[in-house]
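Raw contents of data20.csv, CSV, C-alpha atoms:
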chain,number,residue,atom,x,y,z
A,1,MET,CA,4.9,-36.6,6.5
A,2,THR,CA,3.0,-33.9,4.5
A,3,VAL,CA,1.5,-34.8,1.1
A,4,SER,CA,0.1,-32.2,-1.2
A,5,LEU,CA,-3.3,-32.9,-2.6
A,6,GLY,CA,-2.7,-30.7,-5.6
A,7,MET,CA,-6.3,-29.4,-5.5
A,8,PRO,CA,-7.1,-25.9,-6.7
A,9,VAL,CA,-8.0,-23.4,-4.0
A,10,PRO,CA,-10.9,-21.1,-4.8
A,11,PRO,CA,-9.7,-17.5,-4.8
A,12,ALA,CA,-10.7,-15.3,-1.9
A,13,PRO,CA,-13.7,-13.1,-2.7
A,14,THR,CA,-13.0,-9.5,-3.6
A,15,LEU,CA,-15.3,-6.5,-3.8
A,16,ALA,CA,-14.9,-5.8,-7.5
A,17,GLU,CA,-13.0,-6.7,-10.6
A,18,ARG,CA,-10.0,-4.5,-11.3
A,19,ARG,CA,-10.5,-1.7,-13.8
A,20,LYS,CA,-8.6,-2.7,-17.0
A,21,THR,CA,-5.5,-0.6,-17.5
A,22,ARG,CA,-2.4,-0.3,-19.5
A,23,GLN,CA,0.5,-2.3,-18.0
A,24,LEU,CA,4.0,-0.9,-17.2
A,25,MET,CA,7.1,-2.1,-15.3
A,26,VAL,CA,8.6,-0.2,-12.5
A,27,GLY,CA,11.9,-2.1,-12.4
A,28,PRO,CA,10.8,-5.7,-11.8
A,29,VAL,CA,7.4,-4.7,-10.3
A,30,GLY,CA,4.5,-4.8,-12.7
A,31,VAL,CA,1.9,-2.1,-12.4
A,32,GLY,CA,-1.5,-2.3,-13.8
A,33,SER,CA,-4.6,-4.5,-13.8
A,34,ASP,CA,-2.6,-7.6,-14.7
A,35,PHE,CA,-0.5,-7.3,-11.6
A,36,PRO,CA,-1.2,-7.2,-7.8
A,37,ILE,CA,-1.8,-3.8,-6.2
A,38,SER,CA,1.6,-2.6,-4.9
A,39,VAL,CA,2.3,-0.7,-1.7
A,40,GLN,CA,4.6,2.3,-1.8
A,41,SER,CA,6.2,4.7,0.7
A,42,MET,CA,8.8,7.5,0.6
A,43,THR,CA,12.0,7.9,2.5
A,44,THR,CA,12.3,10.7,5.0
A,45,THR,CA,16.1,10.9,4.9
A,46,LEU,CA,18.2,13.4,3.0
A,47,THR,CA,18.7,11.5,-0.3
A,48,ALA,CA,22.2,12.9,-0.5
A,49,ASP,CA,23.0,10.8,2.6
A,50,VAL,CA,23.3,7.5,0.6
A,51,ASN,CA,23.9,5.2,3.6
A,52,ALA,CA,21.0,6.6,5.7
A,53,THR,CA,18.7,6.4,2.7
A,54,LEU,CA,19.6,2.9,1.8
A,55,GLN,CA,19.2,1.9,5.5
A,56,GLN,CA,15.7,3.3,5.5
A,57,ILE,CA,14.9,1.6,2.2
A,58,ALA,CA,16.1,-1.7,3.7
A,59,GLU,CA,13.7,-1.2,6.7
A,60,LEU,CA,10.8,-0.5,4.3
A,61,THR,CA,11.7,-3.5,2.2
A,62,ALA,CA,11.6,-5.7,5.3
A,63,ALA,CA,8.2,-4.2,6.2
A,64,GLY,CA,6.8,-5.3,2.8
A,65,CYS,CA,7.3,-2.1,0.7
A,66,ASP,CA,7.1,-2.8,-3.1
A,67,ILE,CA,8.3,0.5,-4.5
A,68,VAL,CA,10.0,3.4,-2.7
A,69,ARG,CA,10.2,7.1,-3.7
A,70,VAL,CA,13.1,9.4,-2.8
A,71,ALA,CA,13.1,13.2,-2.9
A,72,CYS,CA,15.4,15.0,-5.3
A,73,PRO,CA,15.3,18.7,-4.6
A,74,SER,CA,19.0,19.4,-5.0
A,75,GLN,CA,22.1,18.6,-7.1
A,76,ASP,CA,23.6,16.6,-4.2
A,77,ASP,CA,20.5,14.5,-4.1
A,78,ALA,CA,20.6,13.9,-7.9
A,79,ASP,CA,24.3,12.9,-7.5
A,80,ALA,CA,23.3,10.3,-5.0
A,81,LEU,CA,20.6,8.6,-7.2
A,82,PRO,CA,22.9,6.2,-9.2
A,83,ALA,CA,24.2,4.6,-6.0
A,84,ILE,CA,20.8,4.4,-4.4
A,85,ALA,CA,19.1,3.0,-7.5
A,86,ARG,CA,21.8,0.4,-7.9
A,87,LYS,CA,21.9,-0.8,-4.3
A,88,SER,CA,18.3,-0.7,-3.4
A,89,GLN,CA,16.5,-4.0,-3.1
A,90,ILE,CA,13.3,-2.5,-4.4
A,91,PRO,CA,12.6,-0.2,-7.3
A,92,VAL,CA,13.4,3.5,-6.6
A,93,VAL,CA,11.3,6.3,-7.9
A,94,ALA,CA,12.8,9.8,-8.0
A,95,ASP,CA,10.5,12.5,-6.8
A,96,ILE,CA,11.1,15.7,-8.8
A,97,HIS,CA,9.7,19.2,-8.2
A,98,PHE,CA,10.7,22.7,-9.5
A,99,GLN,CA,13.9,21.8,-11.4
A,100,PRO,CA,13.3,20.0,-14.7
A,101,LYS,CA,17.1,19.1,-15.0
A,102,TYR,CA,16.6,16.6,-12.2
A,103,VAL,CA,14.1,14.7,-14.3
A,104,PHE,CA,16.9,13.9,-16.8
A,105,ALA,CA,19.4,13.2,-14.0
A,106,ALA,CA,17.0,10.7,-12.4
A,107,ILE,CA,16.5,8.9,-15.8
A,108,GLU,CA,20.2,8.8,-16.5
A,109,ALA,CA,20.8,7.5,-12.9
A,110,GLY,CA,18.8,4.4,-13.6
A,111,CYS,CA,15.8,5.1,-11.4
A,112,ALA,CA,13.0,2.7,-12.0
A,113,ALA,CA,10.6,5.5,-12.5
A,114,VAL,CA,10.3,9.3,-12.1
A,115,ARG,CA,7.5,11.2,-10.5
A,116,VAL,CA,6.9,14.7,-11.8
A,117,ASN,CA,4.6,17.4,-10.6
A,118,PRO,CA,3.7,19.5,-13.7
A,119,GLY,CA,2.1,22.2,-11.5
A,120,ASN,CA,5.4,23.3,-10.0
A,121,ILE,CA,8.1,22.4,-12.6
A,122,ARG,CA,9.0,25.6,-14.5
A,123,LYS,CA,7.8,25.5,-18.1
A,124,PHE,CA,7.1,21.8,-17.8
A,125,ASP,CA,4.9,21.6,-20.9
A,126,ASP,CA,7.7,23.0,-23.1
A,127,GLN,CA,10.0,20.1,-22.1
A,128,VAL,CA,7.7,17.2,-22.4
A,129,LYS,CA,9.1,16.2,-25.8
A,130,GLN,CA,12.7,16.0,-24.3
A,131,ILE,CA,11.5,14.2,-21.2
A,132,ALA,CA,9.5,11.7,-23.2
A,133,ALA,CA,12.4,10.9,-25.5
A,134,ALA,CA,14.8,10.4,-22.6
A,135,ALA,CA,12.3,8.2,-20.7
A,136,LYS,CA,11.6,6.1,-23.8
A,137,ASP,CA,15.3,5.6,-24.5
A,138,HIS,CA,15.9,4.3,-21.0
A,139,GLY,CA,12.6,2.5,-20.6
A,140,THR,CA,11.7,4.7,-17.6
A,141,PRO,CA,8.0,5.1,-16.7
A,142,ILE,CA,6.7,8.5,-15.7
A,143,ARG,CA,4.3,9.2,-12.9
A,144,ILE,CA,2.3,12.4,-13.4
A,145,GLY,CA,1.5,13.4,-9.8
A,146,VAL,CA,-1.0,16.2,-9.5
A,147,ASN,CA,-1.5,17.6,-6.0
A,148,ALA,CA,-4.1,19.9,-4.7
A,149,GLY,CA,-1.5,22.1,-3.0
A,150,SER,CA,0.5,22.6,-6.2
A,151,LEU,CA,-2.1,22.7,-9.0
A,152,ASP,CA,-1.3,24.3,-12.3
A,153,LYS,CA,-2.1,28.0,-12.0
A,154,ARG,CA,-4.2,27.8,-15.2
A,155,LEU,CA,-6.5,25.2,-13.7
A,156,LEU,CA,-6.7,27.2,-10.4
A,157,ALA,CA,-7.8,30.2,-12.4
A,158,LYS,CA,-10.4,28.2,-14.3
A,159,TYR,CA,-12.0,26.3,-11.4
A,160,GLY,CA,-11.2,28.7,-8.5
A,161,LYS,CA,-9.7,25.9,-6.3
A,162,ALA,CA,-8.5,22.3,-6.5
A,163,THR,CA,-11.8,20.6,-7.4
A,164,PRO,CA,-12.0,17.0,-8.6
A,165,GLU,CA,-12.6,18.3,-12.1
A,166,ALA,CA,-9.5,20.5,-11.9
A,167,LEU,CA,-7.3,17.7,-10.6
A,168,ALA,CA,-8.5,15.3,-13.3
A,169,GLU,CA,-8.2,17.8,-16.1
A,170,SER,CA,-4.6,18.7,-15.1
A,171,ALA,CA,-3.6,15.1,-15.1
A,172,MET,CA,-5.3,14.4,-18.5
A,173,TRP,CA,-3.7,17.5,-20.1
A,174,GLU,CA,-0.2,16.5,-19.1
A,175,ALA,CA,-0.8,12.8,-20.2
A,176,SER,CA,-2.0,14.0,-23.5
A,177,LEU,CA,1.2,16.0,-24.1
A,178,PHE,CA,3.2,12.8,-23.5
A,179,ALA,CA,0.9,10.9,-25.8
A,180,GLU,CA,1.6,13.4,-28.6
A,181,HIS,CA,5.1,12.1,-28.5
A,182,ASP,CA,4.0,8.5,-28.4
A,183,PHE,CA,5.0,8.0,-24.8
A,184,HIS,CA,2.4,6.0,-22.8
A,185,ASP,CA,4.3,4.4,-19.9
A,186,ILE,CA,2.5,6.7,-17.5
A,187,LYS,CA,1.0,6.3,-14.1
A,188,ILE,CA,-1.2,9.0,-12.7
A,189,SER,CA,-2.1,10.3,-9.2
A,190,VAL,CA,-4.4,13.1,-8.3
A,191,LYS,CA,-4.0,13.6,-4.5
A,192,HIS,CA,-6.1,15.8,-2.2
A,193,ASN,CA,-6.3,16.0,1.6
A,194,ASP,CA,-10.1,15.6,1.5
A,195,PRO,CA,-11.0,12.0,0.8
A,196,VAL,CA,-14.3,12.9,-0.8
A,197,VAL,CA,-12.6,15.2,-3.3
A,198,MET,CA,-9.9,12.7,-3.9
A,199,VAL,CA,-12.3,9.8,-4.5
A,200,ARG,CA,-14.3,11.9,-7.1
A,201,ALA,CA,-11.1,13.0,-8.9
A,202,TYR,CA,-10.0,9.4,-9.3
A,203,GLU,CA,-13.5,8.4,-10.5
A,204,LEU,CA,-13.3,11.0,-13.2
A,205,LEU,CA,-9.8,9.9,-14.2
A,206,ALA,CA,-10.9,6.3,-14.4
A,207,GLU,CA,-13.7,7.3,-16.8
A,208,GLN,CA,-11.4,9.2,-19.1
A,209,CYS,CA,-8.3,7.0,-19.4
A,210,ASP,CA,-6.8,3.5,-19.1
A,211,TYR,CA,-3.6,4.6,-17.4
A,212,PRO,CA,-2.7,2.8,-14.1
A,213,LEU,CA,-3.6,5.0,-11.1
A,214,HIS,CA,-1.6,5.5,-7.9
A,215,LEU,CA,-3.9,6.2,-5.0
A,216,GLY,CA,-3.1,8.6,-2.1
A,217,VAL,CA,-4.7,11.0,0.3
A,218,THR,CA,-2.1,13.7,0.5
A,219,GLU,CA,-1.3,15.4,3.8
A,220,ALA,CA,-3.6,12.9,5.4
A,221,GLY,CA,-2.3,13.8,8.9
A,222,PRO,CA,-1.0,12.0,12.0
A,223,ALA,CA,-1.2,8.2,12.1
A,224,PHE,CA,-4.7,7.8,13.5
A,225,GLN,CA,-6.4,10.4,11.3
A,226,GLY,CA,-4.3,9.5,8.2
A,227,THR,CA,-5.1,5.8,8.6
A,228,ILE,CA,-8.8,6.5,8.7
A,229,LYS,CA,-8.8,8.9,5.8
A,230,SER,CA,-6.7,6.6,3.6
A,231,ALA,CA,-8.7,3.5,4.5
A,232,VAL,CA,-12.0,5.2,3.7
A,233,ALA,CA,-10.8,6.7,0.4
A,234,PHE,CA,-9.0,3.6,-0.8
A,235,GLY,CA,-11.9,1.4,0.2
A,236,ALA,CA,-14.3,3.5,-1.8
A,237,LEU,CA,-12.1,3.3,-4.9
A,238,LEU,CA,-11.0,-0.3,-4.6
A,239,ARG,CA,-14.7,-1.2,-4.3
A,240,GLN,CA,-15.0,0.1,-7.9
A,241,GLY,CA,-11.8,-1.7,-9.0
A,242,ILE,CA,-9.9,1.6,-9.2
A,243,GLY,CA,-6.3,1.6,-8.0
A,244,ASP,CA,-3.1,-0.1,-9.0
A,245,THR,CA,-0.6,1.2,-6.5
A,246,ILE,CA,-1.2,2.9,-3.1
A,247,ARG,CA,0.6,5.1,-0.6
A,248,VAL,CA,-0.8,5.8,2.9
A,249,SER,CA,0.6,9.3,3.6
A,250,LEU,CA,1.1,9.6,7.4
A,251,SER,CA,2.9,12.0,9.7
A,252,ALA,CA,4.7,9.0,11.1
A,253,PRO,CA,7.7,6.8,10.3
A,254,PRO,CA,7.4,5.5,6.7
A,255,VAL,CA,7.4,1.9,7.9
A,256,GLU,CA,4.0,2.7,9.5
A,257,GLU,CA,2.7,3.6,6.1
A,258,ILE,CA,3.6,0.2,4.8
A,259,LYS,CA,1.9,-1.6,7.7
A,260,VAL,CA,-1.3,0.3,7.2
A,261,GLY,CA,-1.3,0.0,3.4
A,262,THR,CA,-0.6,-3.7,3.6
A,263,GLN,CA,-3.4,-4.2,6.1
A,264,ILE,CA,-5.9,-2.3,4.0
A,265,LEU,CA,-5.2,-4.6,1.0
A,266,GLN,CA,-5.3,-7.7,3.2
A,267,SER,CA,-8.6,-6.7,4.6
A,268,LEU,CA,-10.1,-6.5,1.1
A,269,ASN,CA,-8.5,-9.8,0.0
A,270,LEU,CA,-6.3,-7.8,-2.4
A,271,ARG,CA,-3.2,-9.2,-0.8
A,272,PRO,CA,-2.8,-12.6,0.8
A,273,ARG,CA,-3.7,-12.4,4.5
A,274,LYS,CA,-1.2,-13.2,7.1
A,275,LEU,CA,-1.8,-12.9,10.9
A,276,GLU,CA,-5.2,-11.6,11.7
A,277,ILE,CA,-6.4,-10.9,15.3
A,278,VAL,CA,-10.1,-11.0,15.9
A,279,SER,CA,-10.9,-9.5,19.3
A,280,CYS,CA,-14.1,-8.2,20.8
A,281,PRO,CA,-14.4,-4.5,21.8
A,282,SER,CA,-15.1,-5.5,25.4
A,283,CYS,CA,-18.3,-4.7,27.2
A,284,GLY,CA,-20.1,-5.2,30.5
A,285,ARG,CA,-20.2,-8.9,29.8
A,286,ALA,CA,-16.5,-9.3,29.6
A,287,GLN,CA,-14.9,-11.1,32.5
A,288,VAL,CA,-11.3,-10.5,31.4
A,289,ASP,CA,-9.3,-7.5,30.3
A,290,VAL,CA,-9.8,-8.0,26.6
A,291,TYR,CA,-7.7,-5.0,25.7
A,292,LYS,CA,-4.7,-6.3,27.6
A,293,LEU,CA,-5.2,-9.8,26.4
A,294,ALA,CA,-5.4,-8.8,22.7
A,295,ASP,CA,-2.4,-6.5,22.9
A,296,GLU,CA,-0.2,-9.3,24.5
A,297,VAL,CA,-1.2,-11.9,22.0
A,298,THR,CA,-0.6,-9.5,19.1
A,299,ALA,CA,2.9,-8.6,20.5
A,300,GLY,CA,3.7,-12.3,21.0
A,301,LEU,CA,2.8,-13.1,17.4
A,302,THR,CA,4.4,-10.1,15.8
A,303,GLY,CA,6.3,-11.1,12.7
A,304,MET,CA,4.3,-14.3,12.0
A,305,GLU,CA,4.1,-14.6,8.2
A,306,VAL,CA,1.6,-17.4,7.9
A,307,PRO,CA,-2.2,-16.8,7.2
A,308,LEU,CA,-3.4,-17.3,10.7
A,309,ARG,CA,-6.7,-16.1,12.2
A,310,VAL,CA,-6.6,-15.8,16.0
A,311,ALA,CA,-9.8,-14.9,18.0
A,312,VAL,CA,-9.3,-13.4,21.4
A,313,MET,CA,-12.7,-13.2,23.0
A,314,GLY,CA,-13.9,-12.0,26.4
A,315,CYS,CA,-17.3,-13.5,27.2
A,316,VAL,CA,-19.5,-16.5,26.6
A,317,VAL,CA,-22.0,-14.8,24.3
A,318,ASN,CA,-20.0,-14.4,21.1
A,319,GLY,CA,-16.7,-15.9,22.3
A,320,PRO,CA,-17.2,-19.6,21.6
A,321,GLY,CA,-18.6,-19.0,18.1
A,322,GLU,CA,-15.9,-16.6,17.1
A,323,ALA,CA,-13.2,-18.8,18.6
A,324,ARG,CA,-14.6,-21.9,16.8
A,325,GLU,CA,-14.6,-20.1,13.4
A,326,ALA,CA,-10.9,-19.0,13.7
A,327,ASP,CA,-7.8,-21.1,13.2
A,328,LEU,CA,-7.0,-20.6,16.9
A,329,GLY,CA,-9.1,-18.9,19.5
A,330,VAL,CA,-9.9,-18.4,23.2
A,331,ALA,CA,-13.3,-17.9,24.8
A,332,SER,CA,-12.6,-16.4,28.2
A,333,GLY,CA,-14.6,-16.2,31.4
A,334,ASN,CA,-14.7,-17.1,35.1
A,335,GLY,CA,-11.0,-16.8,35.4
A,336,LYS,CA,-10.2,-19.3,32.6
A,337,GLY,CA,-10.1,-19.7,28.9
A,338,GLN,CA,-11.3,-22.4,26.5
A,339,ILE,CA,-8.7,-22.8,23.8
A,340,PHE,CA,-10.0,-23.7,20.3
A,341,VAL,CA,-7.9,-25.1,17.4
A,342,ARG,CA,-9.7,-25.2,14.1
A,343,GLY,CA,-13.1,-25.5,15.7
A,344,GLU,CA,-12.4,-27.9,18.5
A,345,VAL,CA,-11.8,-27.2,22.2
A,346,ILE,CA,-8.4,-28.7,23.0
A,347,LYS,CA,-7.9,-27.5,26.6
A,348,THR,CA,-9.1,-25.1,29.2
A,349,VAL,CA,-6.4,-23.1,31.0
A,350,PRO,CA,-6.3,-20.5,33.9
A,351,GLU,CA,-6.5,-16.9,32.8
A,352,HIS,CA,-2.9,-16.2,33.5
A,353,GLN,CA,-1.9,-18.9,31.0
A,354,ILE,CA,-4.1,-17.8,28.1
A,355,VAL,CA,-1.5,-15.7,26.3
A,356,GLU,CA,1.3,-18.2,26.7
A,357,THR,CA,-0.9,-21.0,25.5
A,358,LEU,CA,-2.2,-19.1,22.4
A,359,ILE,CA,1.3,-18.3,21.4
A,360,GLU,CA,2.5,-21.9,21.9
A,361,GLU,CA,-0.4,-23.2,19.8
A,362,ALA,CA,0.0,-20.6,17.1
A,363,LEU,CA,3.6,-21.7,16.6
A,364,LYS,CA,2.5,-25.3,16.4
A,365,ILE,CA,0.0,-24.4,13.7
A,366,ALA,CA,2.5,-22.3,11.8
A,367,GLU,CA,5.0,-25.2,11.7
A,368,SER,CA,2.3,-27.6,10.4
A,369,MET,CA,1.2,-25.3,7.5
A,370,PRO,CA,2.2,-26.3,4.0
A,371,PRO,CA,5.3,-24.7,2.4
A,372,VAL,CA,3.4,-23.5,-0.6
A,373,GLU,CA,0.9,-20.8,0.3
A,374,GLY,CA,-2.7,-21.8,-0.3
A,375,GLU,CA,-2.0,-25.4,-1.3
A,376,PRO,CA,-4.0,-27.8,0.8
A,377,THR,CA,-2.3,-30.8,2.4
A,378,VAL,CA,-3.1,-33.9,4.3
A,379,VAL,CA,-1.0,-35.3,7.2
A,380,VAL,CA,-0.3,-39.0,6.9
A,381,GLY,CA,0.6,-40.7,10.1
Would you put the structure from the file into structure tokens?
Amino acid sequence: MTVSLGMPVPPAPTLAERRKTRQLMVGPVGVGSDFPISVQSMTTTLTADVNATLQQIAELTAAGCDIVRVACPSQDDADALPAIARKSQIPVVADIHFQPKYVFAAIEAGCAAVRVNPGNIRKFDDQVKQIAAAAKDHGTPIRIGVNAGSLDKRLLAKYGKATPEALAESAMWEASLFAEHDFHDIKISVKHNDPVVMVRAYELLAEQCDYPLHLGVTEAGPAFQGTIKSAVAFGALLRQGIGDTIRVSLSAPPVEEIKVGTQILQSLNLRPRKLEIVSCPSCGRAQVDVYKLADEVTAGLTGMEVPLRVAVMGCVVNGPGEAREADLGVASGNGKGQIFVRGEVIKTVPEHQIVETLIEEALKIAESMPPVEGEPTVVVG
């Protein structure tokens, strides 16, 4: 049987303390320094197609998405918002551009939050009072989303282009208009496709306000390029404790955005780690096809939810050490593999049985892990 020791587990080390922010609620999800950093994405369906949109939201939810954004460029989309907001398993944020009437429609529809882009909503500043009143009445947070590609013309004229200073000033100006009407349930994003510009813009914002910040490198590109840009930019900011929600913007299915965003946070100990594959890059010393081995092990363990570190190593130089440090590992060579479980060699198997054995042992470890994450246990015979 399994008996809980009830002993405290030291928290995983992190790079920096979170910047202190205001707190707000996006539906049931807390946003701000008192809450975990949340991962967001955006649907690619026509919002007016309620069934397709809810199906994609369900897929995102299953992948670990905390908050989802849906586009609302037309009246048909606005008409679909009540059903989507009501039936979605996670908070829905309406994404509004150009037409201010859809801001009010989204609030009335029961969306958990509304994202507005002041730079491209006609006469936005003249309607802040009405928007603030409606949002306050319904308890709806507002995200002020400034984008380099749609910066307010006044700021473009002043700075010549979307500089970090221009992005930060635009966001702070709009936030100040809401503050004049005693509305402070605000989250801010200042996105740019250049990670260096984006990072500096967020640093400036962090110096000037205590609003929660949503991180994103906009138009980051295809999956590989976008992943690199986002990881670099987010790492630079999270290293300073800056960032309360994130979205990895990829030219790829939105579920891929969630996978990357989740992995970034797990890598920085900002979200509990689950399955982690440690594998060598291969080299002239390797005596097995490490690429193939790592891919097959990863595929075989896809979907495993427990915090398990698996080392797949291809030579005798670093292999035994890395395999010994992992929960489960293999050090391969000479047509066979030594299987390690929590530092001890439990068996040696032929090369063709390595993948099968690792998956089998991983499942055994997963079954033996305590039901409460992070709580140590002792097995009594």
Exercise. Give me the residues within 10 Å of A:Gly221 as a ChimeraX atom specification, counting all atoms listed in the file and dropping any in the same chain fewer than 5 places off.
Key: /A:193,226-230,249-252
Self-check item: Distance of atom CA of A:Ala166 from atom CA of A:Ala148, expressed in Å to one decimal place
Solution: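 According to the coordinates, atom CA of A:Ala148 and atom CA of A:Ala166 are separated by 9.0 Å.
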Quiz item: With only C-alpha atoms as the basis for distance, which of A:Val355, A:Val197, A:Val39, A:Leu151 is at the shortest distance from A:Arg247?
Solution: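 For A:Arg247, the nearest of the given residues is A:Val39.
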Self-check item: Point-to-point distance from atom CA of A:Ile359 to atom CA of A:Glu276, Å rounded to tenths
Solution: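 Answer for the atom CA of A:Ile359 to atom CA of A:Glu276 separation: 13.5 Å.
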Exercise. Between A:Gln353, A:Asn117, A:Gln55, A:Gln338, single out the one closest to A:Gly321, counting only C-alpha atoms.
Key: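 The answer is A:Gln338, which sits nearest to A:Gly321.
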Quiz item: Hey, can you check how far atom CA of A:Asn51 sits from atom CA of A:Leu81?
Solution: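 About the pair atom CA of A:Asn51 and atom CA of A:Leu81: they are 11.8 Å apart.
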Quiz prompt | Shell around A:Gly335 at 10 Å using all atoms listed in the file, local window under 5 positions removed, as a list in words | solution =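 In the requested format, the answer is Gln287, Val288, Val349, Pro350, Glu351 and His352 of chain A.
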For those residues, write C-alpha atoms to a file as a PDB file, in the coordinates of the input.
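File again_38.pdb, as written:
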ATOM      1  CA  GLN A 287     -14.900 -11.100  32.500  1.00  0.00           C
ATOM      2  CA  VAL A 288     -11.300 -10.500  31.400  1.00  0.00           C
ATOM      3  CA  VAL A 349      -6.400 -23.100  31.000  1.00  0.00           C
ATOM      4  CA  PRO A 350      -6.300 -20.500  33.900  1.00  0.00           C
ATOM      5  CA  GLU A 351      -6.500 -16.900  32.800  1.00  0.00           C
ATOM      6  CA  HIS A 352      -2.900 -16.200  33.500  1.00  0.00           C
TER       7      HIS A 352
END
Practice problem: Between A:Thr44, A:Gln208, A:Asn147, A:Gln99, single out the one closest to A:Met172, counting only C-alpha atoms. | Solution: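 Checking each of A:Thr44, A:Gln208, A:Asn147, A:Gln99 against A:Met172, counting only C-alpha atoms, the winner is A:Gln208.
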Quiz item: Is there a way to get, as a PyMOL selection string, all residues within 9 Å of the point (-2.3, -3.3, -13.4) in file coordinates, counting only C-alpha atoms?
Solution: chain A and resi 18-24+30-37+211-213+243-245
Practice problem: Tell me which protein, DNA and RNA residues are within 7 Å of stretch 261-265 of chain A, counting all atoms listed in the file, leaving out same-chain ones fewer than 2 positions away, and put them as a PyMOL selection string. | Solution: chain A and resi 39+231+247-248+257-259+267-271
Could you save those same residues with C-alpha atoms as a PDB file, keeping the file's coordinate frame?
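File produced: again.pdb:
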ATOM      1  CA  VAL A  39       2.300  -0.700  -1.700  1.00  0.00           C
ATOM      2  CA  ALA A 231      -8.700   3.500   4.500  1.00  0.00           C
ATOM      3  CA  ARG A 247       0.600   5.100  -0.600  1.00  0.00           C
ATOM      4  CA  VAL A 248      -0.800   5.800   2.900  1.00  0.00           C
ATOM      5  CA  GLU A 257       2.700   3.600   6.100  1.00  0.00           C
ATOM      6  CA  ILE A 258       3.600   0.200   4.800  1.00  0.00           C
ATOM      7  CA  LYS A 259       1.900  -1.600   7.700  1.00  0.00           C
ATOM      8  CA  SER A 267      -8.600  -6.700   4.600  1.00  0.00           C
ATOM      9  CA  LEU A 268     -10.100  -6.500   1.100  1.00  0.00           C
ATOM     10  CA  ASN A 269      -8.500  -9.800   0.000  1.00  0.00           C
ATOM     11  CA  LEU A 270      -6.300  -7.800  -2.400  1.00  0.00           C
ATOM     12  CA  ARG A 271      -3.200  -9.200  -0.800  1.00  0.00           C
TER      13      ARG A 271
END
Quiz item: In terms of the shortest atom-to-atom distance over all atoms listed in the file, which of A:Leu358, A:Ala83, A:Leu167, A:Ala326 is closest to A:Gly300?
Solution: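 Closest candidate: A:Leu358.
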Exercise. Using all atoms listed in the file, determine which residues lie at most 12 Å from A:Met42, disregarding the query and same-chain residues fewer than 4 positions distant; provide the list as a ChimeraX atom specification.
Key: /A:46-47,53-54,56-57,59-61,65-72,91-95,115,246-258
Quiz prompt | Nearest to A:Ile186, chosen from A:Val26, A:Val50, A:Leu204, A:Ala85, with only C-alpha atoms counted in the distances | solution = A:Val26
Quiz item: Looking at all atoms listed in the file, which of A:Lys364, A:Arg143, A:Arg239, A:Arg324 is the one that sits closest to A:Val345?
Solution: A:Arg324
Exercise. Write out as a PyMOL selection string which residues come within 10 Å of A:Ala201 when counting all atoms listed in the file, dropping same-chain ones fewer than 4 positions away.
Key: chain A and resi 162-169+171+189-192+195-197+205-206
Take the residues just selected and output them with C-alpha atoms as a PDB file, keeping the file's coordinate frame.
ATOM      1  CA  ALA A 162      -8.500  22.300  -6.500  1.00  0.00           C
ATOM      2  CA  THR A 163     -11.800  20.600  -7.400  1.00  0.00           C
ATOM      3  CA  PRO A 164     -12.000  17.000  -8.600  1.00  0.00           C
ATOM      4  CA  GLU A 165     -12.600  18.300 -12.100  1.00  0.00           C
ATOM      5  CA  ALA A 166      -9.500  20.500 -11.900  1.00  0.00           C
ATOM      6  CA  LEU A 167      -7.300  17.700 -10.600  1.00  0.00           C
ATOM      7  CA  ALA A 168      -8.500  15.300 -13.300  1.00  0.00           C
ATOM      8  CA  GLU A 169      -8.200  17.800 -16.100  1.00  0.00           C
ATOM      9  CA  ALA A 171      -3.600  15.100 -15.100  1.00  0.00           C
ATOM     10  CA  SER A 189      -2.100  10.300  -9.200  1.00  0.00           C
ATOM     11  CA  VAL A 190      -4.400  13.100  -8.300  1.00  0.00           C
ATOM     12  CA  LYS A 191      -4.000  13.600  -4.500  1.00  0.00           C
ATOM     13  CA  HIS A 192      -6.100  15.800  -2.200  1.00  0.00           C
ATOM     14  CA  PRO A 195     -11.000  12.000   0.800  1.00  0.00           C
ATOM     15  CA  VAL A 196     -14.300  12.900  -0.800  1.00  0.00           C
ATOM     16  CA  VAL A 197     -12.600  15.200  -3.300  1.00  0.00           C
ATOM     17  CA  LEU A 205      -9.800   9.900 -14.200  1.00  0.00           C
ATOM     18  CA  ALA A 206     -10.900   6.300 -14.400  1.00  0.00           C
TER      19      ALA A 206
END
